[in-house]
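Here the structure is laid out as structure tokens; the discussion comes afterwards.
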Amino acid sequence: MAEKSRRMRNTRMRFELSLLLLGLLLCVVGTAAQEEGAEAGEGSTSPPKFLVDISGTTVTITCPVTEGDIVWKSTLTKPTDNVNKYVIENYDNSPGNVSCSSGQQKYNMYLKARVCANCEELDALAVTGIITADLLITLGVLILVYYFSKDRKGKASSGAGSRPRGQKMQHPPPVPNPDYEPIRKGQREVYAGLEPRGF
């Protein structure tokens, strides 16, 4: 019986570990697929889009138009014309409309970005590494807790099982309650008035 329960615990532990590893693998594959999709999207024939780069409190917007005289229009700050990039220094998180045009081509965008002066930029590889390390540490803690709790449970059950079962039978019977003592011969007259009476 103990061997069977041990085998069942081992099987359950292997199943839980395989589920955890499968989840980790899916996270890594999903991240790689997103990066491939982003790279594939760059070479597709979708309409050109603005490229927005945020660094600290500086927002740099690159116009999709690459040729000709570029005219910028913005509700935020006065942009410089004939440049491919529109740089907003000390952006204060206020939304606004930005457009760039060259000849017949005109592109509009609504800018609503959050910036902070003390933020650090992380690339996808660093984020993936942090998540992977966190999952591995959590898995290690779970395994340690499982094994330590398993050892304590085994010690407690072996200590309880070493006591012989016959000890319970050796205890004397409990003292009877004096309220339910049997009537003795000399006390019958005390209880004589308690006989049932007929109506």
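Ordered as shown in the structure tokens, chains take letters A, B, and onward, while each chain numbers its residues from 1 and ligands are numbered from 1 in the order shown.
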Picked from stretch 36-108 of chain A by DSSP as helix (DSSP H, G or I), as number ranges by chain: A: 36-42
Computed interatomic separation between atom CA of A:Thr62 and atom CA of A:Tyr107 (Å): 11.2 Å
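Omitting A:Thr77 and its sequence neighbours fewer than 4 positions away, and counting only C-alpha atoms, the residues within 12 Å are Val59, Trp72, Lys73, Tyr86, Val87, Ile88, Glu89, Asn90, Tyr91, Asp92, Ser94, Pro95, Gly96, Asn97 and Val98 of chain A.
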Nearest-residue call for A:Asp69, choices A:Gly140, A:Gly129, A:Gly103, A:Gly23, using only C-alpha atoms: A:Gly103
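Nearest to A:Thr66 of all the residues A:Lys4, A:Arg14, A:Arg9, A:Lys106 is A:Lys106, based on only C-alpha atoms.
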Non-local contacts of A:Glu67 (10 Å; only C-alpha atoms; under 4 positions in same chain excluded) as a PyMOL selection string: chain A and resi 82+84+102-103
d(atom CA of A:Val83, atom CA of A:Thr57) in Å: 20.7 Å
For atom CA of A:Ser101 and atom CA of A:Cys63, the interatomic separation in Å (one decimal):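 Interatomic distance here is 8.4 Å.
For the choices A:Val145, A:Thr132, A:Leu21, A:Val52, the atom-to-atom distance to A:Lys112 is smallest for A:Val52 when using only C-alpha atoms.
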DSSP-assigned strand (DSSP E) among stretch 43-145 of chain A, expressed as a ChimeraX atom specification: /A:51-55,58-62,71-74,85-88,96-102,105-111
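Among A:Tyr147, A:Asn10, A:Asn108, A:Val29, the residue with the shortest atom-to-atom distance to A:Ile61, counting only C-alpha atoms, is A:Asn108.
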Who sits within 12 Å of A:Ile143, only C-alpha atoms, same chain under 3 positions skipped, as number ranges by chain: A: 13-14, 16-17, 20, 136-140, 146-150
Atoms to include: C-alpha atoms. Write the selected residues as a short mmCIF file (atom, residue, chain, number, x, y, z; two decimals), in the first residue's frame.
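Writing the result to part31.cif gives the following:
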```cif
data_model
loop_
_atom_site.label_atom_id
_atom_site.label_comp_id
_atom_site.auth_asym_id
_atom_site.auth_seq_id
_atom_site.Cartn_x
_atom_site.Cartn_y
_atom_site.Cartn_z
CA MET A 13 5.22 15.00 -9.34
CA ARG A 14 6.48 14.05 -12.82
CA GLU A 16 3.36 18.56 -12.54
CA LEU A 17 6.97 19.06 -13.63
CA LEU A 20 5.52 23.41 -15.80
CA LEU A 136 13.24 28.51 -12.48
CA ILE A 137 13.61 29.99 -8.98
CA THR A 138 9.91 29.37 -8.29
CA LEU A 139 10.24 25.79 -9.54
CA GLY A 140 13.27 25.24 -7.28
CA TYR A 146 7.69 19.34 -1.67
CA TYR A 147 10.67 17.25 -0.59
CA PHE A 148 10.92 18.76 2.90
CA SER A 149 7.19 18.34 3.53
CA LYS A 150 7.36 14.78 2.20
#
```
Which of A:Val71, A:Ala126, A:Ile131, A:Cys116 sits closest to A:Cys27 [using only C-alpha atoms]: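 Counting only C-alpha atoms, the residue closest to A:Cys27 is A:Ile131.
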